[in-house]
$ cat data.txt   # compact mmCIF, C-alpha atoms
# COMPACT_ATOMS: atom_id res chain seq x y z
CA MET W 29 10.68 -31.65 20.31
CA LYS W 30 6.99 -31.40 21.17
CA LEU W 31 4.92 -34.18 22.69
CA ALA W 32 3.58 -36.42 19.91
CA PHE W 33 2.05 -39.27 21.90
CA ILE W 34 0.70 -39.94 25.37
CA GLY W 35 -0.64 -43.11 26.90
CA PHE W 36 -2.96 -43.07 29.89
CA ASP W 37 -3.80 -45.62 32.52
CA LEU W 38 -7.55 -45.87 33.19
CA ASP W 39 -8.45 -46.75 36.78
CA GLY W 40 -7.36 -44.01 39.17
CA THR W 41 -6.07 -41.87 36.30
CA LEU W 42 -8.77 -41.09 33.74
CA ALA W 43 -11.70 -42.36 35.80
CA ASP W 44 -12.57 -43.03 39.42
CA THR W 45 -13.65 -46.66 39.19
CA LEU W 46 -12.92 -47.67 42.77
CA GLU W 47 -16.46 -48.05 44.08
CA ASP W 48 -17.56 -50.25 41.19
CA LEU W 49 -14.43 -52.42 41.52
CA HIS W 50 -15.13 -52.68 45.24
CA ASP W 51 -18.73 -53.74 44.71
CA ALA W 52 -17.78 -56.36 42.10
CA THR W 53 -15.05 -57.79 44.33
CA ASN W 54 -17.37 -58.07 47.31
CA TYR W 55 -20.08 -59.66 45.15
CA ALA W 56 -17.59 -62.32 44.03
CA LEU W 57 -16.45 -62.91 47.61
CA SER W 58 -20.04 -63.18 48.85
CA GLN W 59 -20.82 -65.84 46.24
CA GLU W 60 -18.11 -67.99 47.83
CA GLY W 61 -19.10 -67.21 51.42
CA LEU W 62 -15.89 -65.25 52.01
CA PRO W 63 -15.51 -62.12 54.15
CA GLN W 64 -16.06 -58.73 52.53
CA ILE W 65 -13.26 -56.19 52.19
CA THR W 66 -13.36 -52.46 52.83
CA LEU W 67 -13.15 -49.72 50.23
CA GLU W 68 -9.67 -48.81 51.48
CA GLN W 69 -8.53 -52.40 51.11
CA THR W 70 -9.79 -52.37 47.53
CA ARG W 71 -7.81 -49.18 46.93
CA LYS W 72 -4.64 -50.94 48.09
CA PHE W 73 -5.30 -54.13 46.14
CA VAL W 74 -5.98 -52.68 42.66
CA GLY W 75 -3.44 -51.90 39.95
CA ASN W 76 -2.16 -55.26 38.76
CA GLY W 77 -5.24 -56.75 37.13
CA VAL W 78 -8.38 -58.45 38.41
CA VAL W 79 -6.82 -61.83 39.21
CA LEU W 80 -4.28 -60.32 41.58
CA LEU W 81 -6.98 -58.07 43.07
CA LEU W 82 -9.04 -61.19 43.87
CA LYS W 83 -6.06 -63.09 45.26
CA ARG W 84 -5.32 -60.19 47.58
CA ALA W 85 -8.98 -59.84 48.54
CA CYS W 86 -9.44 -63.49 49.54
CA GLY W 87 -5.90 -64.07 50.80
CA ARG W 88 -5.64 -67.37 48.96
CA GLU W 89 -3.88 -68.83 45.91
CA ASP W 90 -6.23 -71.75 45.15
CA PRO W 91 -6.59 -71.69 41.32
CA ASP W 92 -10.12 -73.13 41.34
CA LEU W 93 -11.30 -70.58 43.88
CA ILE W 94 -9.69 -67.69 42.01
CA HIS W 95 -11.30 -68.89 38.78
CA ARG W 96 -14.74 -68.91 40.40
CA LEU W 97 -14.14 -65.51 41.95
CA HIS W 98 -13.04 -64.16 38.59
CA GLN W 99 -16.20 -65.47 36.94
CA GLY W 100 -18.37 -63.91 39.65
CA PHE W 101 -16.53 -60.62 39.39
CA ASN W 102 -16.97 -60.46 35.62
CA VAL W 103 -20.66 -61.33 35.76
CA TYR W 104 -21.36 -58.54 38.25
CA TYR W 105 -18.98 -55.97 36.77
CA ALA W 106 -20.37 -56.40 33.25
CA GLY W 107 -23.66 -54.91 34.42
CA HIS W 108 -22.33 -52.44 36.97
CA CYS W 109 -18.97 -51.12 35.72
CA THR W 110 -20.39 -47.61 35.22
CA ASP W 111 -22.71 -47.39 38.26
CA HIS W 112 -20.50 -44.93 40.12
CA VAL W 113 -17.73 -44.17 37.62
CA ARG W 114 -16.76 -40.57 36.94
CA PRO W 115 -13.82 -38.69 35.44
CA TYR W 116 -11.47 -36.87 37.79
CA PRO W 117 -11.86 -33.07 37.85
CA GLY W 118 -9.73 -31.31 35.26
CA VAL W 119 -8.68 -34.46 33.42
CA PRO W 120 -11.25 -34.27 30.59
CA GLU W 121 -10.08 -30.72 29.91
CA ALA W 122 -6.46 -31.92 29.72
CA VAL W 123 -7.45 -34.66 27.27
CA ALA W 124 -9.38 -32.15 25.16
CA MET W 125 -6.34 -29.87 25.06
CA LEU W 126 -4.17 -32.75 23.82
CA ARG W 127 -6.75 -33.63 21.20
CA GLN W 128 -6.86 -30.04 19.96
CA ALA W 129 -3.06 -29.95 19.78
CA GLY W 130 -2.98 -33.04 17.57
CA VAL W 131 -1.31 -35.33 20.12
CA LYS W 132 -2.08 -39.02 19.64
CA ILE W 133 -3.77 -40.37 22.77
CA ALA W 134 -4.03 -44.01 23.81
CA VAL W 135 -5.38 -45.79 26.87
CA LEU W 136 -3.54 -48.84 28.20
CA THR W 137 -4.88 -50.55 31.30
CA ASN W 138 -4.62 -53.87 33.13
CA LYS W 139 -8.44 -53.88 33.34
CA PRO W 140 -10.07 -56.60 31.18
CA ASN W 141 -10.39 -55.28 27.65
CA GLU W 142 -14.16 -55.76 27.39
CA PHE W 143 -14.87 -53.13 30.04
CA VAL W 144 -12.58 -50.38 28.76
CA PRO W 145 -14.83 -48.82 26.07
CA LYS W 146 -17.88 -48.84 28.36
CA ILE W 147 -16.10 -46.86 31.05
CA LEU W 148 -14.49 -44.38 28.68
CA GLU W 149 -17.80 -43.78 26.89
CA ALA W 150 -19.43 -43.04 30.26
CA CYS W 151 -16.80 -40.43 31.15
CA TYR W 152 -15.46 -38.85 27.94
CA PRO W 153 -16.86 -37.55 24.65
CA ALA W 154 -16.72 -39.90 21.67
CA GLY W 155 -13.44 -39.62 19.78
CA SER W 156 -11.39 -38.50 22.79
CA PHE W 157 -8.91 -41.36 22.36
CA ASP W 158 -7.17 -42.70 19.26
CA ALA W 159 -6.69 -46.21 20.65
CA MET W 160 -7.48 -48.22 23.76
CA LEU W 161 -6.42 -51.59 25.04
CA GLY W 162 -7.11 -53.54 28.21
CA GLN W 163 -5.86 -56.87 29.44
CA THR W 164 -6.00 -59.64 26.84
CA ASP W 165 -4.26 -62.96 26.30
CA ARG W 166 -2.28 -61.40 23.47
CA PHE W 167 0.02 -59.24 25.61
CA PRO W 168 1.52 -59.46 29.09
CA THR W 169 0.17 -56.97 31.63
CA LYS W 170 1.92 -53.74 32.61
CA PRO W 171 4.64 -52.93 33.52
CA ASN W 172 5.69 -54.98 30.50
CA PRO W 173 5.75 -52.37 27.68
CA GLU W 174 4.85 -54.74 24.83
CA ALA W 175 1.18 -53.65 24.63
CA LEU W 176 2.21 -49.99 24.75
CA PHE W 177 4.63 -50.52 21.87
CA TYR W 178 1.80 -52.19 19.94
CA LEU W 179 -0.48 -49.17 20.45
CA MET W 180 2.26 -46.79 19.36
CA GLU W 181 2.86 -48.88 16.24
CA GLN W 182 -0.87 -48.88 15.45
CA LEU W 183 -0.89 -45.08 15.73
CA GLN W 184 2.23 -44.84 13.55
CA ILE W 185 4.26 -43.03 16.19
CA PRO W 186 7.87 -42.63 15.01
CA LYS W 187 10.41 -44.29 17.30
CA ASP W 188 12.20 -40.99 17.85
CA ALA W 189 9.00 -39.10 18.72
CA LYS W 190 8.54 -37.56 22.15
CA GLY W 191 6.08 -39.64 24.16
CA ALA W 192 4.78 -40.00 27.71
CA TYR W 193 2.76 -42.38 29.83
CA ALA W 194 0.61 -41.18 32.73
CA GLY W 195 -0.83 -43.21 35.57
CA ASP W 196 -1.51 -43.30 39.28
CA SER W 197 0.58 -46.27 40.43
CA ASP W 198 4.08 -47.68 40.71
CA VAL W 199 3.15 -50.03 37.85
CA ASP W 200 2.59 -47.02 35.58
CA ILE W 201 5.93 -45.42 36.42
CA LYS W 202 7.66 -48.71 35.64
CA THR W 203 5.67 -49.07 32.40
CA ALA W 204 6.78 -45.63 31.21
CA LYS W 205 10.40 -46.30 32.11
CA ASN W 206 10.35 -49.75 30.48
CA ALA W 207 9.01 -48.15 27.28
CA GLY W 208 11.54 -45.32 27.33
CA LEU W 209 8.79 -42.71 27.73
CA ILE W 210 8.38 -39.71 30.01
CA SER W 211 6.70 -40.90 33.22
CA ILE W 212 3.90 -38.78 34.68
CA SER W 213 2.52 -39.78 38.08
CA CYS W 214 -1.06 -38.81 38.88
CA ALA W 215 -1.38 -38.41 42.64
CA TRP W 216 -5.17 -37.97 42.65
CA GLY W 217 -5.75 -41.69 42.08
CA PHE W 218 -5.36 -44.86 44.10
CA ARG W 219 -1.81 -44.22 45.38
CA PRO W 220 -0.64 -41.20 47.40
CA LYS W 221 2.33 -39.18 46.21
CA GLU W 222 4.37 -40.48 49.17
CA GLN W 223 4.34 -43.90 47.49
CA LEU W 224 5.07 -42.51 44.03
CA LEU W 225 7.90 -40.04 44.60
CA PRO W 226 10.44 -42.66 45.79
CA LEU W 227 10.12 -44.28 42.36
CA HIS W 228 11.34 -41.05 40.72
CA PRO W 229 8.73 -40.29 38.07
CA ASP W 230 9.80 -37.58 35.64
CA TYR W 231 6.80 -35.49 36.67
CA LEU W 232 4.10 -35.63 39.33
CA ALA W 233 0.71 -33.97 39.03
CA GLU W 234 -1.45 -33.72 42.15
CA THR W 235 -4.64 -32.64 40.36
CA GLY W 236 -6.17 -32.67 36.91
CA ASN W 237 -5.43 -28.95 36.66
CA ASP W 238 -1.76 -29.69 37.43
CA LEU W 239 -1.78 -32.24 34.62
CA HIS W 240 -3.28 -29.67 32.25
CA SER W 241 -0.52 -27.18 33.06
CA LEU W 242 2.22 -29.80 32.78
CA LEU W 243 1.04 -31.12 29.42
CA ASP W 244 0.67 -27.56 28.11
CA LYS W 245 4.38 -27.09 28.78
CA LEU W 246 5.26 -30.34 27.01
CA LEU W 247 3.28 -29.46 23.87
$ encode --input "data.txt" --output "structure tokens"
Amino acid sequence: MKLAFIGFDLDGTLADTLEDLHDATNYALSQEGLPQITLEQTRKFVGNGVVLLLKRACGREDPDLIHRLHQGFNVYYAGHCTDHVRPYPGVPEAVAMLRQAGVKIAVLTNKPNEFVPKILEACYPAGSFDAMLGQTDRFPTKPNPEALFYLMEQLQIPKDAKGAYAGDSDVDIKTAKNAGLISISCAWGFRPKEQLLPLHPDYLAETGNDLHSLLDKLL
């Protein structure tokens, strides 16, 4: 059975968004007079949504503080989410190959939904993806598979169809497994392969070219 559907994570998978996330986090921290974090700290803190990123960045759980940080983050990020963003080498070509082969392609990310189209439009040609969904109040965040099931239903993917989910973190491996899909780990993103392999993804791609070759075999 050939691959009929693939879901992609966004940050660290389709696009390198780290520097813009870092800048927005430090802006929010600065507004509260809190210490800045390094780029490498940001790399370690991302992957589970903005709220958890901010909790990790400030080292506190105070709801009022986190709410203010979140507001500051969103204000800055809304105007700067594509300042430094870029696709990873080889990944646009892999997406184009899937599109040409007729595979349905969705993007599911824990990033707030409002920013998802802006970033994808800055990195990929129009029409590259059949559906996209970020964090909303409607669905729980990954690794819960509910939002992924919703996207598959919207794209009319048969339940017995061969599908996969690709991402750069432990959250993405768990999301794929929870959804009963092939898990593809992307080791060019925010987590090194040494952190991914112990979670036993079905496949691991170290570069966009590796992903292209892998997906070609699954088609």
$ closest_atom_pairs --input "data.txt" --of "region 113-140 of chain W" --to "region 185-199 of chain W" --cutoff "10 Å" --atoms "only C-alpha atoms" --output "tab-separated table"
residue	atom	partner	partner_atom	distance
W:Val131	CA	W:Gly191	CA	9.5
W:Lys132	CA	W:Ile185	CA	8.3
W:Ile133	CA	W:Tyr193	CA	9.8
W:Ala134	CA	W:Tyr193	CA	9.2
W:Val135	CA	W:Tyr193	CA	9.3
W:Leu136	CA	W:Tyr193	CA	9.2
W:Thr137	CA	W:Gly195	CA	9.4
W:Asn138	CA	W:Val199	CA	9.9
$ closest_residue --input "data.txt" --among "W:Arg166, W:Arg127, W:Arg114, W:Lys83" --to "Glu149 (chain W)" --atoms "all atoms listed in the file"
W:Arg114
$ atom_distance --input "data.txt" --atom1 "CA of Thr235 (chain W)" --atom2 "CA of Trp216 (chain W)"
5.8 Å
$ residues_around --input "data.txt" --residues "Leu97 (chain W)" --least-positions-apart "5" --cutoff "10 Å" --atoms "only C-alpha atoms" --output "list in words"
Ala52, Thr53, Asn54, Tyr55, Ala56, Leu57, Ser58, Gln59, Glu60, Val78, Val79, Leu82, Lys83, Cys86, Pro91, Asp92, Asn102 and Val103 of chain W
$ residues_around --input "data.txt" --residues "Val119 (chain W)" --least-positions-apart "2" --cutoff "9 Å" --atoms "all atoms listed in the file" --output "JSON, numbers by chain"
{"W": [41, 42, 43, 115, 116, 117, 121, 122, 123, 124, 235, 236, 237, 239, 240]}
$ closest_residue --input "data.txt" --among "W:Met125, W:Leu49, W:Ile65, W:Leu247" --to "Arg84 (chain W)" --atoms "all atoms listed in the file"
W:Ile65
$ atom_distance --input "data.txt" --atom1 "CA of Pro226 (chain W)" --atom2 "CA of Ile212 (chain W)"
13.5 Å
$ closest_residue --input "data.txt" --among "W:Gly130, W:Pro229, W:Pro153, W:Gly208" --to "Pro173 (chain W)" --atoms "all atoms listed in the file"
W:Gly208
$ atom_distance --input "data.txt" --atom1 "CA of Met160 (chain W)" --atom2 "CA of Gln184 (chain W)"
14.5 Å
